[in-house]
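Next comes target.txt, a file with compact mmCIF, C-alpha atoms and all ligand atoms.
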# COMPACT_ATOMS: atom_id res chain seq x y z
CA MET T 1 151.97 99.84 76.69
CA ASP T 2 149.15 98.02 74.95
CA GLY T 3 149.12 94.47 76.25
CA LYS T 4 147.02 91.50 75.21
CA ILE T 5 144.08 90.13 77.15
CA ILE T 6 143.80 86.36 76.66
CA VAL T 7 140.93 84.32 78.09
CA VAL T 8 141.52 80.64 78.93
CA THR T 9 138.27 78.71 78.64
CA SER T 10 136.85 75.22 77.98
CA GLY T 11 133.13 74.86 78.63
CA LYS T 12 133.63 71.64 80.54
CA GLY T 13 135.07 71.78 84.03
CA GLY T 14 138.26 70.19 85.27
CA VAL T 15 140.10 69.96 81.94
CA GLY T 16 143.03 72.18 82.96
CA LYS T 17 142.14 75.88 82.55
CA THR T 18 143.66 76.89 85.87
CA THR T 19 146.76 74.75 85.30
CA VAL T 20 147.20 76.25 81.83
CA THR T 21 146.72 79.82 83.09
CA ALA T 22 149.22 79.43 85.94
CA SER T 23 151.79 77.64 83.80
CA ILE T 24 151.74 79.84 80.71
CA GLY T 25 151.63 82.94 82.91
CA ALA T 26 154.73 81.80 84.79
CA ALA T 27 156.51 80.76 81.59
CA LEU T 28 155.97 84.15 79.92
CA ALA T 29 157.12 85.99 83.04
CA LEU T 30 160.27 83.81 83.07
CA GLN T 31 160.73 84.82 79.43
CA GLY T 32 160.86 88.43 80.61
CA LYS T 33 157.30 89.63 79.99
CA ARG T 34 155.13 91.51 82.46
CA VAL T 35 152.26 89.13 83.17
CA ALA T 36 149.00 89.31 85.12
CA VAL T 37 146.80 86.28 85.78
CA ILE T 38 143.23 86.94 86.89
CA ASP T 39 141.04 84.36 88.60
CA MET T 40 137.55 84.86 87.14
CA ASP T 41 136.09 81.86 88.97
CA ILE T 42 134.28 84.05 91.51
CA GLY T 43 133.10 81.97 94.46
CA LEU T 44 135.35 79.00 93.64
CA ARG T 45 138.83 80.43 93.50
CA ASN T 46 141.76 78.10 92.84
CA LEU T 47 144.36 79.91 90.80
CA ASP T 48 145.84 81.23 94.08
CA VAL T 49 146.48 77.75 95.52
CA VAL T 50 147.79 76.34 92.25
CA MET T 51 150.31 79.21 92.21
CA GLY T 52 151.10 78.91 95.91
CA LEU T 53 149.99 82.48 96.68
CA GLU T 54 146.88 81.72 98.75
CA ASN T 55 148.16 83.07 102.05
CA ARG T 56 149.04 86.47 100.65
CA ILE T 57 145.53 87.48 99.54
CA VAL T 58 144.29 90.80 100.95
CA PHE T 59 141.98 92.18 98.26
CA ASN T 60 140.37 90.50 95.25
CA VAL T 61 138.99 91.29 91.80
CA VAL T 62 135.53 92.16 93.14
CA ASP T 63 137.10 94.65 95.58
CA VAL T 64 138.85 96.32 92.64
CA ILE T 65 135.70 96.46 90.53
CA GLN T 66 133.58 97.79 93.38
CA GLY T 67 136.16 100.44 94.20
CA ARG T 68 137.14 99.16 97.64
CA CYS T 69 140.81 99.23 96.68
CA LYS T 70 143.20 100.21 93.90
CA LEU T 71 144.19 97.63 91.27
CA LYS T 72 147.82 97.86 92.50
CA GLN T 73 146.79 97.00 96.06
CA ALA T 74 145.00 93.83 94.99
CA MET T 75 147.68 92.44 92.65
CA ILE T 76 149.86 89.87 94.44
CA LYS T 77 153.45 89.83 93.24
CA ASP T 78 155.05 86.40 92.92
CA ARG T 79 158.30 86.39 94.91
CA ARG T 80 159.91 83.56 92.96
CA ILE T 81 159.23 84.90 89.48
CA ASP T 82 159.79 88.54 88.58
CA ASN T 83 157.02 90.31 86.69
CA LEU T 84 154.31 87.77 87.57
CA PHE T 85 151.19 89.09 89.33
CA LEU T 86 147.97 87.43 90.48
CA LEU T 87 144.61 89.09 90.92
CA PRO T 88 142.61 86.55 92.97
CA ALA T 89 138.87 85.90 92.81
CA SER T 90 136.56 86.66 95.68
CA GLN T 91 135.49 83.55 97.54
CA SER T 92 132.29 84.89 99.09
CA ASP T 93 130.48 86.53 96.14
CA ASP T 94 128.87 84.88 93.17
CA LYS T 95 129.52 85.40 89.47
CA ASN T 96 126.67 87.88 88.99
CA VAL T 97 128.30 90.63 91.08
CA ILE T 98 130.49 91.38 88.05
CA LYS T 99 128.95 92.84 84.89
CA PRO T 100 130.55 92.67 81.45
CA GLU T 101 131.11 96.45 81.40
CA ASN T 102 133.16 96.14 84.62
CA MET T 103 135.49 93.84 82.71
CA THR T 104 135.98 96.33 79.92
CA TRP T 105 137.02 98.91 82.49
CA LEU T 106 139.35 96.49 84.32
CA CYS T 107 140.97 95.12 81.16
CA ASN T 108 141.67 98.61 79.85
CA LYS T 109 143.65 99.26 83.05
CA LEU T 110 145.47 95.93 82.80
CA ARG T 111 146.42 96.51 79.16
CA LYS T 112 148.38 99.58 80.20
CA GLU T 113 150.38 97.74 82.88
CA PHE T 114 151.03 94.27 81.47
CA ASP T 115 152.26 92.67 78.25
CA PHE T 116 149.98 89.69 78.83
CA THR T 117 146.87 89.32 80.98
CA PHE T 118 145.35 85.85 81.28
CA LEU T 119 141.78 85.40 82.47
CA ASP T 120 141.13 82.01 84.09
CA CYS T 121 137.51 81.39 83.09
CA PRO T 122 135.08 79.37 85.20
CA ALA T 123 133.51 76.23 83.70
CA GLY T 124 130.19 76.67 81.92
CA ILE T 125 128.82 79.27 79.52
CA GLU T 126 126.85 81.44 81.92
CA GLN T 127 127.55 84.85 83.45
CA GLY T 128 131.08 83.99 84.61
CA PHE T 129 132.02 82.93 81.09
CA LYS T 130 130.36 85.97 79.56
CA ASN T 131 132.27 88.26 81.91
CA ALA T 132 135.56 86.57 81.11
CA ILE T 133 135.21 86.81 77.32
CA GLU T 134 133.75 90.33 77.28
CA ALA T 135 137.00 92.26 76.99
CA ALA T 136 139.30 89.51 75.70
CA ASP T 137 141.43 90.12 72.61
CA GLU T 138 142.30 86.45 72.16
CA ALA T 139 141.16 83.10 73.50
CA VAL T 140 142.78 79.78 74.35
CA VAL T 141 140.40 76.83 74.46
CA VAL T 142 141.56 73.87 76.56
CA CYS T 143 140.18 70.38 75.98
CA MET T 144 140.99 66.79 76.79
CA PRO T 145 141.03 64.07 74.09
CA GLU T 146 137.66 62.82 75.20
CA VAL T 147 134.12 63.08 73.78
CA SER T 148 132.29 65.36 76.22
CA SER T 149 135.23 67.73 76.60
CA ILE T 150 135.52 68.13 72.83
CA ARG T 151 131.81 68.66 72.38
CA ASP T 152 131.84 71.40 75.02
CA ALA T 153 134.92 72.94 73.41
CA ASP T 154 133.02 73.09 70.12
CA ARG T 155 130.17 74.95 71.79
CA VAL T 156 132.55 77.46 73.35
CA ILE T 157 134.43 77.93 70.08
CA GLY T 158 131.12 78.80 68.43
CA LEU T 159 130.33 81.36 71.12
CA LEU T 160 133.79 82.92 70.76
CA TYR T 161 133.41 83.14 66.98
CA SER T 162 130.14 84.98 67.44
CA ARG T 163 132.17 87.57 69.39
CA SER T 164 134.68 87.78 66.53
CA ILE T 165 137.38 85.97 68.49
CA THR T 166 139.26 83.17 66.70
CA PRO T 167 140.44 80.86 69.49
CA LYS T 168 143.43 78.52 69.55
CA LEU T 169 143.40 75.03 71.04
CA ILE T 170 145.46 73.30 73.73
CA VAL T 171 144.90 69.56 74.02
CA ASN T 172 145.71 68.65 77.61
CA ARG T 173 146.14 65.34 79.45
CA ILE T 174 147.18 63.31 76.42
CA ILE T 175 148.16 59.75 77.29
CA PRO T 176 150.46 58.67 74.42
CA LYS T 177 150.26 54.97 75.06
CA MET T 178 146.46 55.06 74.89
CA VAL T 179 146.67 57.04 71.66
CA ALA T 180 149.06 54.42 70.25
CA ARG T 181 146.67 51.65 71.23
CA GLY T 182 143.78 53.41 69.49
CA ASP T 183 141.91 54.01 72.73
CA MET T 184 142.32 57.78 72.89
CA LEU T 185 141.68 60.39 70.23
CA SER T 186 144.93 61.76 68.84
CA HIS T 187 145.44 65.51 68.62
CA LYS T 188 144.99 65.17 64.86
CA ASP T 189 141.54 63.68 65.40
CA VAL T 190 140.65 66.49 67.79
CA VAL T 191 141.85 69.20 65.42
CA GLU T 192 139.96 67.58 62.54
CA VAL T 193 136.71 67.45 64.49
CA LEU T 194 136.98 71.00 65.83
CA SER T 195 138.69 72.58 62.79
CA ILE T 196 140.69 75.03 64.86
CA ASP T 197 144.36 76.07 65.04
CA LEU T 198 146.49 74.19 67.51
CA LEU T 199 148.51 76.10 70.10
CA GLY T 200 150.03 73.16 71.93
CA LEU T 201 149.87 69.62 73.28
CA VAL T 202 150.31 68.69 76.92
CA GLU T 203 150.71 65.14 78.13
CA MET T 204 149.19 63.69 81.24
CA ASP T 205 152.03 64.21 83.69
CA GLU T 206 152.30 63.31 87.38
CA ALA T 207 154.52 66.34 87.82
CA VAL T 208 151.44 68.57 87.35
CA VAL T 209 149.78 67.02 90.39
CA ILE T 210 152.98 67.19 92.42
CA SER T 211 153.61 70.83 91.57
CA SER T 212 150.02 71.74 92.47
CA ASN T 213 150.52 69.94 95.82
CA THR T 214 153.32 72.32 96.66
CA GLY T 215 152.13 75.38 94.74
CA THR T 216 155.28 75.58 92.60
CA PRO T 217 155.05 76.53 88.94
CA ILE T 218 155.47 73.42 86.79
CA VAL T 219 157.46 75.36 84.20
CA MET T 220 160.34 75.65 86.69
CA GLN T 221 160.76 71.87 86.57
CA LYS T 222 162.96 71.29 83.60
CA GLU T 223 162.53 67.52 83.62
CA SER T 224 158.77 67.64 83.37
CA LYS T 225 157.21 67.01 79.97
CA ALA T 226 154.15 69.10 80.79
CA GLY T 227 156.34 71.94 82.05
CA MET T 228 158.35 71.99 78.85
CA ALA T 229 155.18 71.83 76.77
CA PHE T 230 153.86 74.91 78.62
CA ASN T 231 157.17 76.70 78.02
CA ARG T 232 156.87 76.10 74.30
CA ILE T 233 153.24 77.25 74.28
CA ALA T 234 154.37 80.47 75.94
CA MET T 235 157.00 80.96 73.22
CA ARG T 236 154.34 80.47 70.55
CA LEU T 237 152.26 83.20 72.16
CA ASP T 238 155.25 85.49 72.34
CA GLY T 239 156.69 86.02 68.89
CA HIS T 240 157.42 82.41 67.87
CA PRO T 241 154.06 81.26 66.46
CA ASP T 242 155.75 78.72 64.19
CA LEU T 243 157.71 76.86 66.86
CA PRO T 244 156.98 73.27 65.81
CA ILE T 245 154.38 71.30 67.73
CA GLU T 246 155.92 67.91 68.36
CA ASP T 247 153.82 64.80 68.28
CA PRO T 248 153.99 63.33 71.80
CA LEU T 249 153.69 59.89 70.29
CA ALA T 250 155.71 59.48 67.12
CA GLN T 251 158.91 61.26 68.04
CA LYS T 252 158.99 60.77 71.74
CA SER T 253 162.74 60.76 72.24
CA ILE T 254 163.43 63.69 69.94
CA TRP T 255 160.54 65.59 71.51
CA LYS T 256 162.02 65.09 74.93
CA LYS T 257 165.50 66.18 73.88
CA LEU T 258 164.13 69.28 72.22
CA GLY T 259 162.11 70.11 75.31
CA ILE T 260 165.16 69.89 77.58
CA LYS T 261 167.22 72.04 75.23
CA MET T 262 164.62 74.78 75.15
CA GLY T 263 164.16 74.56 78.87
CA ARG T 264 167.87 75.32 79.37
CA LYS T 265 167.74 78.27 77.05
CA LYS T 266 164.91 79.76 79.04
CA GLY T 267 166.60 79.04 82.35
CA ALA T 268 169.55 81.14 81.18
CA ALA T 269 167.44 83.98 79.85
CA MET Y 1 155.24 46.45 72.54
CA ILE Y 2 152.92 49.25 71.53
CA MET Y 3 154.05 48.97 67.94
CA PHE Y 4 153.51 45.23 68.01
CA ASN Y 5 149.99 45.65 69.36
CA THR Y 6 149.12 48.14 66.67
CA LEU Y 7 150.52 45.86 64.01
CA LEU Y 8 148.66 42.90 65.36
CA LYS Y 9 145.43 44.82 65.36
CA LYS Y 10 145.91 45.85 61.77
CA LEU Y 11 146.68 42.29 60.73
CA MET Y 12 143.66 40.94 62.52
CA HIS Y 13 141.35 43.52 60.91
CA ARG Y 14 139.97 44.29 64.29
CA ALA Y 15 136.76 46.28 64.44
CA ASP Y 16 137.04 50.05 64.96
CA ASP Y 17 139.32 51.22 67.74
CA SER Y 18 137.38 52.86 70.53
CA LYS Y 19 138.81 56.21 69.45
CA ASP Y 20 137.33 55.75 65.98
CA VAL Y 21 133.96 55.17 67.57
CA ALA Y 22 134.48 58.31 69.66
CA LYS Y 23 135.36 60.33 66.58
CA LYS Y 24 132.32 59.18 64.62
CA ARG Y 25 129.99 59.88 67.52
CA LEU Y 26 131.55 63.28 68.06
CA LYS Y 27 131.26 64.36 64.45
CA PHE Y 28 127.63 63.44 64.46
CA ALA Y 29 126.88 65.05 67.82
CA LEU Y 30 128.44 68.33 66.70
CA VAL Y 31 126.37 68.45 63.54
CA TYR Y 32 123.25 67.56 65.44
CA ASP Y 33 123.90 70.14 68.18
CA LYS Y 34 124.03 72.86 65.56
CA LEU Y 35 120.83 71.64 63.92
CA GLU Y 36 118.90 72.24 67.07
CA ILE Y 37 116.50 74.92 65.83
CA LYS Y 38 113.85 76.80 67.64
CA ASP Y 39 110.24 75.85 66.87
CA ASP Y 40 109.28 79.26 65.52
CA MET Y 41 112.10 79.02 63.00
CA LEU Y 42 110.70 75.75 61.70
CA GLU Y 43 107.24 77.37 61.50
CA ASP Y 44 108.59 80.31 59.50
CA LEU Y 45 110.38 77.93 57.16
CA GLN Y 46 107.15 76.00 56.66
CA LYS Y 47 105.25 79.18 55.74
CA ASP Y 48 107.95 80.23 53.27
CA LEU Y 49 108.12 76.78 51.71
CA ILE Y 50 104.33 76.63 51.24
CA GLU Y 51 104.48 79.93 49.45
CA VAL Y 52 107.24 78.84 47.08
CA ILE Y 53 105.80 75.40 46.37
CA SER Y 54 102.34 76.86 45.75
CA ARG Y 55 103.74 78.79 42.81
CA TYR Y 56 104.32 75.50 41.05
CA PHE Y 57 101.89 73.04 42.60
CA GLU Y 58 98.45 72.99 44.06
CA ILE Y 59 99.05 71.41 47.45
CA ASP Y 60 96.99 70.49 50.46
CA ARG Y 61 98.40 72.89 53.02
CA SER Y 62 96.85 71.19 56.00
CA GLN Y 63 98.66 67.95 55.18
CA LEU Y 64 102.13 69.43 54.74
CA LEU Y 65 104.69 68.00 57.11
CA LEU Y 66 108.12 69.45 57.83
CA ASP Y 67 110.57 67.67 60.07
CA ILE Y 68 114.21 67.08 60.84
CA GLU Y 69 115.10 63.45 60.73
CA ARG Y 70 118.18 62.04 62.35
CA GLY Y 71 119.81 59.20 60.43
CA GLU Y 72 123.04 57.20 60.48
CA GLY Y 73 125.82 59.74 60.16
CA SER Y 74 123.67 62.56 58.79
CA SER Y 75 120.54 64.57 59.37
CA ALA Y 76 117.90 65.40 56.80
CA LEU Y 77 115.24 68.02 56.41
CA ILE Y 78 112.12 66.12 55.35
CA LEU Y 79 109.25 67.84 53.58
CA ASN Y 80 106.18 65.79 52.87
CA THR Y 81 103.16 67.15 51.03
CA PRO Y 82 100.38 65.69 48.89
CA ILE Y 83 100.26 67.34 45.44
CA LEU Y 84 96.76 68.01 44.14
CA SER Y 85 97.78 69.28 40.72
CA ALA Y 86 100.56 71.07 38.89
CA ARG Y 87 100.15 74.70 37.98
CA HIS Y 88 100.67 75.79 34.39
CA LYS Y 89 104.30 75.18 33.63
CA ASN Y 90 105.15 78.31 31.63
CA ALA Y 91 103.36 80.77 33.79
CA PRO Y 92 103.92 80.03 37.43
CA GLN Y 93 101.46 82.49 38.87
CA ARG Y 94 102.09 84.24 42.15
CA VAL Y 95 99.75 83.04 44.82
CA PRO Y 96 98.63 85.69 47.29
CA ALA Y 97 100.00 84.86 50.71
CA ASN Y 98 96.58 84.98 52.35
CA ARG Y 99 95.00 82.42 50.08
N1 LIG L 301 148.60 67.68 82.04
C1 LIG L 301 148.12 67.25 83.21
N2 LIG L 301 148.60 66.12 83.77
C2 LIG L 301 148.12 65.68 84.97
N3 LIG L 301 147.19 66.30 85.69
C3 LIG L 301 146.65 67.44 85.19
C4 LIG L 301 147.09 67.97 83.93
N4 LIG L 301 146.38 69.11 83.71
C5 LIG L 301 145.56 69.27 84.76
N5 LIG L 301 145.70 68.27 85.66
C6 LIG L 301 144.97 68.10 86.93
O1 LIG L 301 143.59 68.07 86.64
C7 LIG L 301 142.83 68.70 87.64
C8 LIG L 301 141.97 69.80 87.03
O2 LIG L 301 142.81 70.83 86.53
P1 LIG L 301 142.42 72.36 86.63
O3 LIG L 301 142.01 72.72 88.01
O4 LIG L 301 143.53 73.13 86.02
O5 LIG L 301 141.14 72.37 85.69
P2 LIG L 301 140.09 73.55 85.46
O6 LIG L 301 139.67 73.46 84.03
O7 LIG L 301 140.65 74.84 85.90
O8 LIG L 301 138.92 73.10 86.43
P3 LIG L 301 137.61 74.00 86.81
O9 LIG L 301 136.69 73.89 85.65
O10 LIG L 301 137.08 73.32 88.03
O11 LIG L 301 138.08 75.38 87.07
C9 LIG L 301 143.84 69.23 88.66
O12 LIG L 301 143.92 68.32 89.72
C10 LIG L 301 145.14 69.27 87.89
O13 LIG L 301 146.26 69.08 88.72
MG MG L 302 139.83 76.28 87.28
Can you dump the structure from the file as structure tokens?
Ligand SMILES: Nc1ncnc2c1ncn2[C@@H]1O[C@H](COP(=O)(O)OP(=O)(O)OP(=O)(O)O)[C@@H](O)[C@H]1O
Ligand SMILES: [Mg+2]
Amino acid sequence: MDGKIIVVTSGKGGVGKTTVTASIGAALALQGKRVAVIDMDIGLRNLDVVMGLENRIVFNVVDVIQGRCKLKQAMIKDRRIDNLFLLPASQSDDKNVIKPENMTWLCNKLRKEFDFTFLDCPAGIEQGFKNAIEAADEAVVVCMPEVSSIRDADRVIGLLYSRSITPKLIVNRIIPKMVARGDMLSHKDVVEVLSIDLLGLVEMDEAVVISSNTGTPIVMQKESKAGMAFNRIAMRLDGHPDLPIEDPLAQKSIWKKLGIKMGRKKGAA
Amino acid sequence: MIMFNTLLKKLMHRADDSKDVAKKRLKFALVYDKLEIKDDMLEDLQKDLIEVISRYFEIDRSQLLLDIERGEGSSALILNTPILSARHKNAPQRVPANR
């Protein structure tokens, strides 16, 4: 097997990297792929709680890299979703304990075991970021329709280009009624400013907060707009790159219907 | 309701929506961020420019000024130098770098 390593990054903190990683990872596993999600936020781990796997951690990514355990021993298998595995971050170390060459070694192992490996990147562009992008084949940049988030995204996009990676963009936390009022940048504005390919649009959705309260994957909630958006993003990553990206504003009712229809299909698969 | 608001705004020729302001500021910030150049790069550019200009004009090197100026919506590279005299038009002679 020769799987893909995809880094999820943003520059700015708190824009939704961890949410995106957990949700797309779960969606692809539900679509039948073997998926690993790796928390690269050493010292500030969160992917485990968002996925509801925090009380099953024994080993972490630093243990694997420093040879204290086998990769298999550290990967936590999700009991609700087949083929979904989490490699948690260490909470006690700092980002500098991992070197870029360690990532090359780790990712080569992961490529053999998984169709998709997602690396949840820490905020910033320092060592943690450098480690996360070192061995990545592809990159997903997450931003919010807001000035500082977009500026940071631009910086990160530039750094990825200099590593010969052409990233794709997810605009997260869109509030359609603010866009309609002219008080929030539309995804078209964002794409124009950043000149980058769009991978998907995710609305601001209370269901995201609720699902992170309970540690349940949002993509299992068929009524949630954000959940359905993540499902479609996963399909775009897995052989359906041309699945249309619906405008959360203009065609709201059609968008919703389409989302529910696709959700059912996946539920049956 | 939303539609009505939008329509009303258009009819009233309201000033820029806040998102238009955001977009303008962003576009400018991104250009400016990328223009941030290291000092030694500007120095090198100055040396190279002096060499090229000296092929055509006699200039006062000590007075030459090179700067990046930030304006409304764009940035400009400004070169300012007093010209002492023009060199012979048909035979722009090469000036030794150490002159
Ligand atoms: N589409 C959304 N709708 C509503 N809330 C969201 C959405 N996406 C993310 N959030 C919330 O925003 C907060 C930040 O999200 P998240 O932790 O995924 O960001 P992050 O980029 O990983 O942050 P950090 O840089 O700290 O790692 C969380 O509370 C999350 O629940
Ligand atoms: Mg995070």
Quiz item: Mind listing as an MDAnalysis selection string which residues of chain Y are within 6 Å of chain T, counting all atoms listed in the file?
Solution: chainID Y and resid 17:19
File of the preceding selection, C-alpha atoms, as a CSV table (one decimal), keeping the file's coordinate frame:
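So part_14.csv came out as:
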chain,number,residue,atom,x,y,z
Y,17,ASP,CA,139.3,51.2,67.7
Y,18,SER,CA,137.4,52.9,70.5
Y,19,LYS,CA,138.8,56.2,69.4
Practice problem: Please provide as number ranges by chain all residues within 10 Å of range 55-58 of chain T, with the sequence filter that same-chain residues fewer than 6 positions apart are discarded (counting all atoms listed in the file). | Solution: T: 48-49, 73-78, 86-90
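Using all atoms listed in the file, we find that the residues with an atom at most 8 Å from any atom of ligand MG 302 (chain L) are Gly13, Gly14, Gly16, Lys17, Thr18, Thr19, Asp41, Arg45, Asn46, Leu47, Asp120, Cys121, Pro122 and Ala123 of chain T.
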Since we have the selection now, will you write its residues out, keeping C-alpha atoms, as a compact mmCIF listing (two decimals), keeping the file's coordinate frame?
# COMPACT_ATOMS: atom_id res chain seq x y z
CA GLY T 13 135.07 71.78 84.03
CA GLY T 14 138.26 70.19 85.27
CA GLY T 16 143.03 72.18 82.96
CA LYS T 17 142.14 75.88 82.55
CA THR T 18 143.66 76.89 85.87
CA THR T 19 146.76 74.75 85.30
CA ASP T 41 136.09 81.86 88.97
CA ARG T 45 138.83 80.43 93.50
CA ASN T 46 141.76 78.10 92.84
CA LEU T 47 144.36 79.91 90.80
CA ASP T 120 141.13 82.01 84.09
CA CYS T 121 137.51 81.39 83.09
CA PRO T 122 135.08 79.37 85.20
CA ALA T 123 133.51 76.23 83.70
Exercise. Enumerate residues in contact with ligand LIG 301 (chain L): an atom-to-atom distance of at most 10 Å, counting all atoms listed in the file. Format the result as a PyMOL selection string.
Key: chain T and resi 8-23+39-41+44-47+50+120-124+142-144+171-175+201-213+225-227+229-230
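Atom pair CA of Trp105 in chain T / CA of Gly239 in chain T has a distance of 27.2 Å (rounded to one decimal).
In this model, the gap between CA of Asp63 in chain T and CA of Gly3 in chain T comes to 22.8 Å.
You will find CA of Asn60 in chain T at 11.2 Å from CA of Gly43 in chain T.
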Which centre and which edge lengths, in Å to one decimal, describe the axis-aligned box that holds all listed atoms of range 88-107 of chain T after 8 Å is added on each side, as lines of an AutoDock Vina configuration file?
center_x = 134.6
center_y = 91.2
center_z = 89.5
size_x = 31.9
size_y = 31.4
size_z = 35.2
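Among the candidates T:Arg236, T:Arg80, T:Lys222, T:Arg163, the one nearest to Leu199 in chain T when counting only C-alpha atoms is T:Arg236.
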